[in-house]
>>> print(open('coords24.cif').read())   # mmCIF, C-alpha atoms and all ligand atoms
data_final
loop_
_atom_site.label_atom_id
_atom_site.label_comp_id
_atom_site.auth_asym_id
_atom_site.auth_seq_id
_atom_site.Cartn_x
_atom_site.Cartn_y
_atom_site.Cartn_z
CA MET A 169 0.49 -33.61 -0.20
CA SER A 170 2.33 -31.25 2.10
CA PHE A 171 0.60 -28.25 3.65
CA ALA A 172 1.91 -25.49 1.38
CA GLU A 173 2.60 -27.42 -1.80
CA PRO A 174 0.91 -25.71 -4.76
CA CYS A 175 -1.50 -27.71 -6.90
CA PRO A 176 0.05 -27.67 -10.37
CA GLY A 177 -2.28 -26.26 -13.00
CA ALA A 178 -5.20 -25.65 -10.63
CA ILE A 179 -6.96 -22.28 -10.66
CA VAL A 180 -8.01 -22.67 -7.03
CA CYS A 181 -5.79 -24.37 -4.48
CA ALA A 182 -6.92 -24.35 -0.84
CA ARG A 183 -5.16 -26.25 1.91
CA ASN A 184 -6.62 -26.57 5.39
CA LEU A 185 -8.48 -23.32 4.81
CA THR A 186 -10.20 -22.18 8.00
CA ARG A 187 -12.23 -19.10 8.88
CA LEU A 188 -13.31 -18.53 12.47
CA PHE A 189 -15.50 -15.57 13.40
CA ARG A 190 -15.29 -14.01 16.83
CA LEU A 191 -18.74 -13.55 18.28
CA GLY A 192 -18.89 -12.11 21.79
CA ALA A 193 -16.72 -14.29 23.99
CA GLY A 194 -16.89 -17.25 21.63
CA THR A 195 -16.04 -18.18 18.07
CA VAL A 196 -18.20 -19.38 15.20
CA THR A 197 -16.70 -21.67 12.58
CA GLY A 198 -17.37 -20.44 9.06
CA LEU A 199 -14.98 -22.80 7.28
CA ASP A 200 -13.17 -25.73 8.83
CA GLY A 201 -10.02 -27.14 7.22
CA VAL A 202 -11.07 -27.10 3.58
CA ASP A 203 -8.81 -28.71 0.98
CA LEU A 204 -9.87 -27.92 -2.56
CA ASP A 205 -8.39 -27.94 -6.08
CA ILE A 206 -10.38 -26.60 -9.03
CA ASP A 207 -9.23 -27.09 -12.62
CA PRO A 208 -9.33 -24.15 -15.06
CA GLY A 209 -12.45 -24.22 -17.21
CA ALA A 210 -14.54 -26.15 -14.68
CA PHE A 211 -18.15 -25.30 -13.85
CA VAL A 212 -18.36 -26.20 -10.18
CA VAL A 213 -21.58 -26.17 -8.20
CA LEU A 214 -21.26 -25.84 -4.42
CA LYS A 215 -24.26 -27.13 -2.54
CA GLY A 216 -25.04 -27.02 1.14
CA PRO A 217 -27.72 -25.91 3.58
CA SER A 218 -28.00 -22.38 4.91
CA GLY A 219 -25.11 -21.59 7.28
CA SER A 220 -22.87 -24.36 5.90
CA GLY A 221 -20.07 -22.02 4.79
CA LYS A 222 -20.76 -21.39 1.10
CA SER A 223 -20.55 -17.59 1.30
CA THR A 224 -17.56 -17.78 3.63
CA LEU A 225 -15.66 -19.88 1.07
CA LEU A 226 -16.62 -17.64 -1.86
CA SER A 227 -15.62 -14.50 0.08
CA LEU A 228 -12.17 -15.96 0.75
CA LEU A 229 -11.74 -16.97 -2.90
CA ALA A 230 -12.79 -13.47 -3.97
CA GLY A 231 -10.27 -11.79 -1.67
CA LEU A 232 -13.16 -10.08 0.15
CA ASP A 233 -12.22 -11.75 3.42
CA THR A 234 -9.05 -13.29 4.85
CA ALA A 235 -8.62 -16.76 6.30
CA SER A 236 -7.87 -17.42 9.96
CA SER A 237 -5.42 -20.13 8.91
CA GLY A 238 -4.49 -22.32 5.99
CA GLU A 239 -3.27 -21.57 2.50
CA LEU A 240 -5.11 -20.24 -0.53
CA THR A 241 -3.90 -19.62 -4.07
CA VAL A 242 -6.24 -18.38 -6.81
CA ALA A 243 -5.09 -18.03 -10.43
CA GLY A 244 -1.48 -18.32 -9.27
CA GLU A 245 -1.81 -15.59 -6.65
CA ARG A 246 -1.31 -16.52 -3.03
CA LEU A 247 -4.10 -14.77 -1.09
CA THR A 248 -3.18 -15.78 2.44
CA GLY A 249 -1.02 -13.15 4.11
CA ARG A 250 -1.62 -10.50 1.43
CA ARG A 251 -1.93 -6.76 2.00
CA PRO A 252 -5.40 -5.21 1.55
CA ALA A 253 -4.19 -3.13 -1.42
CA ASP A 254 -3.09 -6.28 -3.24
CA LEU A 255 -6.46 -7.87 -2.56
CA THR A 256 -8.25 -4.86 -4.05
CA ARG A 257 -6.33 -5.25 -7.32
CA PHE A 258 -6.93 -9.00 -7.24
CA ARG A 259 -10.69 -8.48 -6.82
CA ARG A 260 -10.81 -6.07 -9.76
CA GLU A 261 -8.72 -8.06 -12.19
CA VAL A 262 -8.79 -11.76 -11.39
CA VAL A 263 -12.27 -12.60 -10.11
CA GLY A 264 -15.81 -11.56 -10.92
CA MET A 265 -18.58 -11.82 -8.33
CA VAL A 266 -22.31 -12.26 -8.74
CA PHE A 267 -24.54 -12.00 -5.67
CA GLN A 268 -28.09 -13.01 -4.84
CA SER A 269 -29.04 -9.36 -4.34
CA PHE A 270 -27.53 -8.15 -7.68
CA ASN A 271 -25.75 -5.18 -5.99
CA LEU A 272 -26.14 -2.82 -8.95
CA LEU A 273 -25.75 0.91 -8.37
CA PRO A 274 -29.36 2.11 -8.74
CA THR A 275 -28.59 5.66 -9.82
CA LEU A 276 -26.38 4.57 -12.73
CA ASN A 277 -27.69 3.21 -15.99
CA VAL A 278 -27.02 -0.32 -17.20
CA LEU A 279 -24.02 0.62 -19.37
CA GLU A 280 -22.44 2.62 -16.54
CA ASN A 281 -22.89 -0.27 -14.10
CA VAL A 282 -21.20 -2.68 -16.48
CA CYS A 283 -18.33 -0.26 -17.27
CA LEU A 284 -17.58 0.54 -13.64
CA PRO A 285 -15.11 -2.27 -12.83
CA ALA A 286 -13.19 -1.53 -16.05
CA LEU A 287 -12.88 2.17 -15.18
CA LEU A 288 -11.83 1.32 -11.60
CA ALA A 289 -9.13 -0.92 -13.07
CA GLY A 290 -7.85 2.08 -15.05
CA ARG A 291 -9.07 0.99 -18.49
CA ASP A 292 -9.67 3.55 -21.22
CA GLU A 293 -13.26 4.84 -21.18
CA GLY A 294 -13.95 4.20 -24.88
CA ALA A 295 -12.57 0.66 -24.68
CA ALA A 296 -14.62 -0.01 -21.53
CA ARG A 297 -17.77 1.21 -23.24
CA ARG A 298 -17.18 -0.90 -26.35
CA LYS A 299 -16.54 -4.01 -24.25
CA ALA A 300 -19.66 -3.31 -22.14
CA GLU A 301 -21.81 -2.85 -25.26
CA GLU A 302 -20.50 -6.09 -26.72
CA LEU A 303 -21.30 -7.95 -23.49
CA LEU A 304 -24.78 -6.45 -23.24
CA GLU A 305 -25.43 -7.55 -26.81
CA ARG A 306 -24.23 -11.08 -26.06
CA LEU A 307 -26.33 -11.27 -22.91
CA GLY A 308 -29.48 -10.06 -24.70
CA LEU A 309 -29.53 -6.64 -23.03
CA ALA A 310 -28.55 -4.33 -25.88
CA GLY A 311 -31.88 -2.53 -25.70
CA ARG A 312 -31.44 -1.81 -22.00
CA ALA A 313 -28.07 -0.01 -22.06
CA ARG A 314 -29.48 3.43 -21.15
CA HIS A 315 -32.09 2.24 -18.66
CA PRO A 316 -31.59 3.13 -14.99
CA ALA A 317 -30.51 -0.04 -13.22
CA ASP A 318 -33.35 0.17 -10.72
CA ARG A 319 -35.99 0.01 -13.47
CA LEU A 320 -35.08 -3.49 -14.60
CA SER A 321 -36.71 -6.79 -13.71
CA GLY A 322 -34.83 -9.08 -11.33
CA GLY A 323 -33.76 -11.37 -14.18
CA GLU A 324 -32.43 -8.40 -16.17
CA MET A 325 -30.60 -7.03 -13.11
CA GLN A 326 -28.82 -10.34 -12.63
CA ARG A 327 -27.82 -10.47 -16.31
CA VAL A 328 -26.38 -6.95 -15.96
CA ALA A 329 -24.54 -8.10 -12.84
CA ILE A 330 -23.05 -10.99 -14.84
CA ALA A 331 -21.88 -8.58 -17.56
CA ARG A 332 -20.30 -6.41 -14.86
CA ALA A 333 -18.63 -9.48 -13.31
CA VAL A 334 -16.90 -10.47 -16.56
CA ILE A 335 -15.98 -7.10 -18.11
CA ASN A 336 -12.39 -7.31 -16.86
CA GLY A 337 -11.97 -10.83 -18.25
CA PRO A 338 -11.72 -12.64 -14.92
CA ALA A 339 -10.23 -16.12 -14.73
CA LEU A 340 -12.82 -17.09 -12.13
CA VAL A 341 -16.45 -16.11 -11.63
CA LEU A 342 -17.88 -16.65 -8.15
CA ALA A 343 -21.66 -16.67 -8.03
CA ASP A 344 -23.25 -16.72 -4.58
CA GLU A 345 -26.89 -17.92 -4.82
CA PRO A 346 -27.35 -15.94 -8.07
CA THR A 347 -30.82 -17.37 -8.64
CA GLY A 348 -32.02 -16.97 -5.05
CA ASN A 349 -34.19 -13.94 -5.82
CA LEU A 350 -35.44 -15.13 -9.21
CA ASP A 351 -38.30 -17.28 -10.41
CA SER A 352 -37.28 -20.56 -12.03
CA LYS A 353 -37.52 -19.24 -15.61
CA ASN A 354 -35.21 -16.30 -14.91
CA GLY A 355 -33.04 -18.52 -12.72
CA GLU A 356 -32.57 -20.93 -15.61
CA ALA A 357 -31.67 -18.04 -17.94
CA VAL A 358 -29.00 -16.83 -15.51
CA ILE A 359 -27.51 -20.33 -15.18
CA GLU A 360 -27.50 -20.68 -18.97
CA LEU A 361 -25.61 -17.39 -19.34
CA LEU A 362 -22.99 -18.49 -16.84
CA ALA A 363 -22.73 -21.82 -18.67
CA ARG A 364 -22.28 -20.01 -22.00
CA LEU A 365 -19.50 -17.80 -20.63
CA ASN A 366 -17.86 -20.95 -19.25
CA ARG A 367 -18.14 -22.76 -22.61
CA GLU A 368 -17.36 -19.91 -24.96
CA ASP A 369 -14.79 -17.92 -22.99
CA GLY A 370 -13.35 -20.69 -20.82
CA VAL A 371 -14.01 -18.75 -17.63
CA THR A 372 -14.04 -21.00 -14.56
CA VAL A 373 -17.29 -20.78 -12.58
CA LEU A 374 -17.94 -21.62 -8.94
CA LEU A 375 -21.62 -21.30 -8.15
CA ALA A 376 -23.04 -21.67 -4.64
CA THR A 377 -26.69 -22.60 -4.58
CA HIS A 378 -29.50 -24.32 -2.77
CA SER A 379 -31.34 -25.07 -5.95
CA ASP A 380 -31.06 -27.87 -8.53
CA LEU A 381 -31.16 -25.45 -11.49
CA ALA A 382 -27.45 -25.79 -12.25
CA ASP A 383 -27.23 -29.57 -11.89
CA GLY A 384 -27.37 -30.10 -15.66
CA VAL A 385 -24.44 -27.78 -16.43
CA ALA A 386 -22.10 -28.64 -13.56
CA SER A 387 -18.85 -30.37 -14.48
CA ARG A 388 -18.40 -31.07 -10.77
CA THR A 389 -20.57 -30.81 -7.65
CA LEU A 390 -19.16 -30.07 -4.19
CA ARG A 391 -21.13 -30.51 -0.98
CA ILE A 392 -20.46 -28.55 2.16
CA ARG A 393 -21.83 -28.93 5.68
CA ASP A 394 -20.75 -27.28 8.92
CA GLY A 395 -17.84 -25.58 7.12
CA ARG A 396 -16.41 -28.85 5.79
CA LEU A 397 -16.44 -30.25 2.26
CA ILE A 398 -18.05 -33.66 2.20
CA ALA A 399 -16.47 -36.30 -0.01
CA PRO A 400 -18.94 -37.53 -2.62
CA PRO A 401 -20.17 -41.09 -2.23
CA CYS A 402 -18.42 -43.67 -4.40
CA GLY A 403 -19.55 -43.47 -8.00
CA ALA A 404 -21.04 -39.95 -7.65
N1 LIG B 501 -19.38 -12.14 9.81
C1 LIG B 501 -19.76 -13.22 10.50
N2 LIG B 501 -19.76 -13.20 11.87
C2 LIG B 501 -20.09 -14.29 12.58
N3 LIG B 501 -20.46 -15.45 12.04
C3 LIG B 501 -20.50 -15.54 10.69
C4 LIG B 501 -20.16 -14.44 9.86
N4 LIG B 501 -20.28 -14.82 8.57
C5 LIG B 501 -20.69 -16.11 8.60
N5 LIG B 501 -20.82 -16.54 9.87
C6 LIG B 501 -21.21 -17.89 10.29
O1 LIG B 501 -20.44 -18.83 9.56
C7 LIG B 501 -21.24 -19.94 9.20
C8 LIG B 501 -21.25 -20.07 7.68
O2 LIG B 501 -21.98 -18.96 7.13
P1 LIG B 501 -22.15 -18.71 5.57
O3 LIG B 501 -20.82 -18.92 4.92
O4 LIG B 501 -22.79 -17.40 5.43
O5 LIG B 501 -23.14 -19.90 5.16
P2 LIG B 501 -23.99 -20.09 3.82
O6 LIG B 501 -23.53 -19.10 2.81
O7 LIG B 501 -23.74 -21.52 3.42
O8 LIG B 501 -25.43 -19.88 4.20
C9 LIG B 501 -22.62 -19.71 9.81
O9 LIG B 501 -22.66 -20.34 11.08
C10 LIG B 501 -22.66 -18.20 9.97
O10 LIG B 501 -23.52 -17.83 11.02
MG MG B 502 -24.62 -17.65 1.80
#
>>> encode(input="coords24.cif", output="structure tokens")
Amino acid sequence: MSFAEPCPGAIVCARNLTRLFRLGAGTVTGLDGVDLDIDPGAFVVLKGPSGSGKSTLLSLLAGLDTASSGELTVAGERLTGRRPADLTRFRREVVGMVFQSFNLLPTLNVLENVCLPALLAGRDEGAARRKAEELLERLGLAGRARHPADRLSGGEMQRVAIARAVINGPALVLADEPTGNLDSKNGEAVIELLARLNREDGVTVLLATHSDLADGVASRTLRIRDGRLIAPPCGA
């Protein structure tokens, strides 16, 4: 396949995607020539040791960072060579992100946290609130809507973060070690919620993790080491 040829039908299409970081006089390789196609509706688990490039790849896919070279298209939008303002709109409307550290706004309540991306995207306040309430109900958090975000347990915070990630109906959810700060019971609940959203709403999920918790729900497993995707062994 040629360098810039799009991958028909894929939601993620990366070609020779590379991210180098300048560090002092030298450079550090975050991602090294990654080629990747992901089909819509997939639940992809990305596994690799610490420092292997998982967060670097997810940041590029989220439009939070820009590649040093290569080509990247997500949900039909070419991200390489885009202006920062375009990437801001892309982040709000096309992808949802879930982080290890939850990243909720502690002074806002649960409902306000979940509504925020919808309001930033210019949605009507009443519609945003109704959608947020519906999501909180689905994610088992209806009773928590008016609680300050910093009063929740870690498992609840991550479920709120998932609701916030999907309120704008993203095509792709990127979850970066979402169970890293949770015990295994809460970790399993978070994986199950992501799996449900994938099954019921068809949202594509790419989940970076160290753990084996998502092995049972993955439709595909990718392995990364030293910034490079490793081809699975035959039969895997
Ligand atoms: N902003 C940065 N500046 C310099 N080096 C970075 C930066 N971000 C990541 N790296 C380096 O890129 C490599 C991949 O990091 P990362 O994607 O965070 O790995 P992972 O998420 O798999 O733990 C590591 O060597 C890391 O030190
Ligand atoms: Mg990381």
>>> atom_distance(input="coords24.cif", atom1="CA of Ile179 in chain A", atom2="CA of Glu301 in chain A")
28.5 Å
>>> axis_aligned_box(input="coords24.cif", around="range 190-196 of chain A", padding_each_side="5 Å", output="lines of an AutoDock Vina configuration file")
center_x = -17.1
center_y = -15.7
center_z = 19.6
size_x = 13.6
size_y = 17.3
size_z = 18.8
>>> closest_residue(input="coords24.cif", among="A:Leu375, A:Leu381, A:Ile330, A:Leu361", to="ligand MG 502 (chain B)", atoms="only C-alpha atoms and all ligand atoms")
A:Leu375
>>> closest_atom_pairs(input="coords24.cif", of="chain A", to="ligand MG 502 (chain B)", cutoff="12 Å", atoms="only C-alpha atoms and all ligand atoms", output="Markdown table")
| residue | atom | partner | partner_atom | distance |
| --- | --- | --- | --- | --- |
| A:Gly198 | CA | B:MG502 | MG | 10.6 |
| A:Leu214 | CA | B:MG502 | MG | 10.8 |
| A:Lys215 | CA | B:MG502 | MG | 10.4 |
| A:Gly216 | CA | B:MG502 | MG | 9.4 |
| A:Pro217 | CA | B:MG502 | MG | 9.0 |
| A:Ser218 | CA | B:MG502 | MG | 6.6 |
| A:Gly219 | CA | B:MG502 | MG | 6.8 |
| A:Ser220 | CA | B:MG502 | MG | 8.1 |
| A:Gly221 | CA | B:MG502 | MG | 7.0 |
| A:Lys222 | CA | B:MG502 | MG | 5.4 |
| A:Ser223 | CA | B:MG502 | MG | 4.1 |
| A:Thr224 | CA | B:MG502 | MG | 7.3 |
| A:Leu225 | CA | B:MG502 | MG | 9.3 |
| A:Leu226 | CA | B:MG502 | MG | 8.8 |
| A:Ser227 | CA | B:MG502 | MG | 9.7 |
| A:Phe267 | CA | B:MG502 | MG | 9.4 |
| A:Gln268 | CA | B:MG502 | MG | 8.8 |
| A:Ser269 | CA | B:MG502 | MG | 11.2 |
| A:Ala343 | CA | B:MG502 | MG | 10.3 |
| A:Asp344 | CA | B:MG502 | MG | 6.6 |
| A:Glu345 | CA | B:MG502 | MG | 7.0 |
| A:Pro346 | CA | B:MG502 | MG | 10.4 |
| A:Gly348 | CA | B:MG502 | MG | 10.1 |
| A:Leu375 | CA | B:MG502 | MG | 11.0 |
| A:Ala376 | CA | B:MG502 | MG | 7.8 |
| A:Thr377 | CA | B:MG502 | MG | 8.3 |
| A:His378 | CA | B:MG502 | MG | 9.4 |
| A:Ile392 | CA | B:MG502 | MG | 11.7 |
| A:Gly395 | CA | B:MG502 | MG | 11.7 |
>>> closest_residue(input="coords24.cif", among="A:Arg190, A:Arg306, A:Arg364, A:Arg391", to="ligand LIG 501 (chain B)", atoms="only C-alpha atoms and all ligand atoms")
A:Arg190
>>> closest_residue(input="coords24.cif", among="A:Leu304, A:Ala339, A:Cys181, A:Val358", to="Glu261 in chain A", atoms="all atoms listed in the file")
A:Ala339
>>> closest_residue(input="coords24.cif", among="A:Val180, A:Leu228, A:Leu185, A:Val263", to="ligand LIG 501 (chain B)", atoms="all atoms listed in the file")
A:Leu228
>>> closest_residue(input="coords24.cif", among="A:Thr195, A:Ser379, A:Thr256, A:Thr372", to="ligand LIG 501 (chain B)", atoms="all atoms listed in the file")
A:Thr195
>>> atom_distance(input="coords24.cif", atom1="CA of Phe211 in chain A", atom2="CA of Thr389 in chain A")
8.6 Å
>>> closest_residue(input="coords24.cif", among="A:Cys175, A:Gly209, A:Gly194, A:Leu276", to="Glu368 in chain A", atoms="only C-alpha atoms")
A:Gly209
>>> residues_around(input="coords24.cif", residues="range 350-355 of chain A", least_positions_apart="3", cutoff="7 Å", atoms="only C-alpha atoms", output="list in words")
Gly322, Gly323, Thr347, Val358 and Ile359 of chain A
>>> residues_around(input="coords24.cif", residues="Arg187 in chain A", least_positions_apart="6", cutoff="6 Å", atoms="all atoms listed in the file", output="list in words")
Gly198, Leu199, Ala235 and Ser236 of chain A
>>> atom_distance(input="coords24.cif", atom1="atom N4 of ligand LIG 501 (chain B)", atom2="CA of Val334 in chain A")
25.7 Å
>>> residues_near_point(input="coords24.cif", point="(-7.7, -24.3, -2.9)", cutoff="6 Å", atoms="all atoms listed in the file", output="compact mmCIF listing (two decimals) with C-alpha atoms, keeping the file's coordinate frame")
# COMPACT_ATOMS: atom_id res chain seq x y z
CA VAL A 180 -8.01 -22.67 -7.03
CA CYS A 181 -5.79 -24.37 -4.48
CA ALA A 182 -6.92 -24.35 -0.84
CA ARG A 183 -5.16 -26.25 1.91
CA ASP A 203 -8.81 -28.71 0.98
CA LEU A 204 -9.87 -27.92 -2.56
CA ASP A 205 -8.39 -27.94 -6.08
CA LEU A 240 -5.11 -20.24 -0.53
>>> residues_around(input="coords24.cif", residues="Pro338 in chain A", least_positions_apart="4", cutoff="12 Å", atoms="only C-alpha atoms", output="JSON, numbers by chain")
{"A": [179, 208, 209, 230, 242, 243, 257, 258, 259, 260, 261, 262, 263, 264, 265, 285, 286, 330, 331, 332, 333, 334, 342, 365, 366, 369, 370, 371, 372, 373]}
>>> decode(input="coords24.cif", residues="range 323-336 of chain A", atoms="N, CA and C atoms", output="PDB file, in the first residue's frame")
ATOM      1  N   GLY A 323     -13.694   4.217  41.512  1.00  0.00           N
ATOM      2  CA  GLY A 323     -14.491   3.512  40.507  1.00  0.00           C
ATOM      3  C   GLY A 323     -15.612   4.388  39.979  1.00  0.00           C
ATOM      4  N   GLU A 324     -16.266   5.144  40.899  1.00  0.00           N
ATOM      5  CA  GLU A 324     -17.334   6.054  40.464  1.00  0.00           C
ATOM      6  C   GLU A 324     -16.764   7.177  39.594  1.00  0.00           C
ATOM      7  N   MET A 325     -15.612   7.720  40.006  1.00  0.00           N
ATOM      8  CA  MET A 325     -14.993   8.804  39.208  1.00  0.00           C
ATOM      9  C   MET A 325     -14.735   8.331  37.780  1.00  0.00           C
ATOM     10  N   GLN A 326     -14.245   7.094  37.650  1.00  0.00           N
ATOM     11  CA  GLN A 326     -13.932   6.635  36.296  1.00  0.00           C
ATOM     12  C   GLN A 326     -15.206   6.412  35.485  1.00  0.00           C
ATOM     13  N   ARG A 327     -16.292   5.983  36.150  1.00  0.00           N
ATOM     14  CA  ARG A 327     -17.555   5.825  35.414  1.00  0.00           C
ATOM     15  C   ARG A 327     -18.087   7.188  34.970  1.00  0.00           C
ATOM     16  N   VAL A 328     -17.909   8.208  35.818  1.00  0.00           N
ATOM     17  CA  VAL A 328     -18.304   9.571  35.417  1.00  0.00           C
ATOM     18  C   VAL A 328     -17.455  10.020  34.227  1.00  0.00           C
ATOM     19  N   ALA A 329     -16.162   9.705  34.294  1.00  0.00           N
ATOM     20  CA  ALA A 329     -15.267  10.100  33.193  1.00  0.00           C
ATOM     21  C   ALA A 329     -15.685   9.423  31.887  1.00  0.00           C
ATOM     22  N   ILE A 330     -16.188   8.190  31.980  1.00  0.00           N
ATOM     23  CA  ILE A 330     -16.654   7.493  30.771  1.00  0.00           C
ATOM     24  C   ILE A 330     -17.911   8.186  30.229  1.00  0.00           C
ATOM     25  N   ALA A 331     -18.822   8.550  31.126  1.00  0.00           N
ATOM     26  CA  ALA A 331     -20.023   9.277  30.681  1.00  0.00           C
ATOM     27  C   ALA A 331     -19.621  10.580  29.986  1.00  0.00           C
ATOM     28  N   ARG A 332     -18.670  11.295  30.580  1.00  0.00           N
ATOM     29  CA  ARG A 332     -18.197  12.542  29.978  1.00  0.00           C
ATOM     30  C   ARG A 332     -17.565  12.282  28.605  1.00  0.00           C
ATOM     31  N   ALA A 333     -16.852  11.160  28.484  1.00  0.00           N
ATOM     32  CA  ALA A 333     -16.158  10.854  27.221  1.00  0.00           C
ATOM     33  C   ALA A 333     -17.127  10.561  26.083  1.00  0.00           C
ATOM     34  N   VAL A 334     -18.341  10.077  26.417  1.00  0.00           N
ATOM     35  CA  VAL A 334     -19.244   9.664  25.332  1.00  0.00           C
ATOM     36  C   VAL A 334     -20.424  10.609  25.122  1.00  0.00           C
ATOM     37  N   ILE A 335     -20.507  11.707  25.905  1.00  0.00           N
ATOM     38  CA  ILE A 335     -21.714  12.548  25.808  1.00  0.00           C
ATOM     39  C   ILE A 335     -21.888  13.157  24.421  1.00  0.00           C
ATOM     40  N   ASN A 336     -20.799  13.417  23.714  1.00  0.00           N
ATOM     41  CA  ASN A 336     -20.945  14.003  22.374  1.00  0.00           C
ATOM     42  C   ASN A 336     -21.049  12.948  21.278  1.00  0.00           C
TER      43      ASN A 336
END
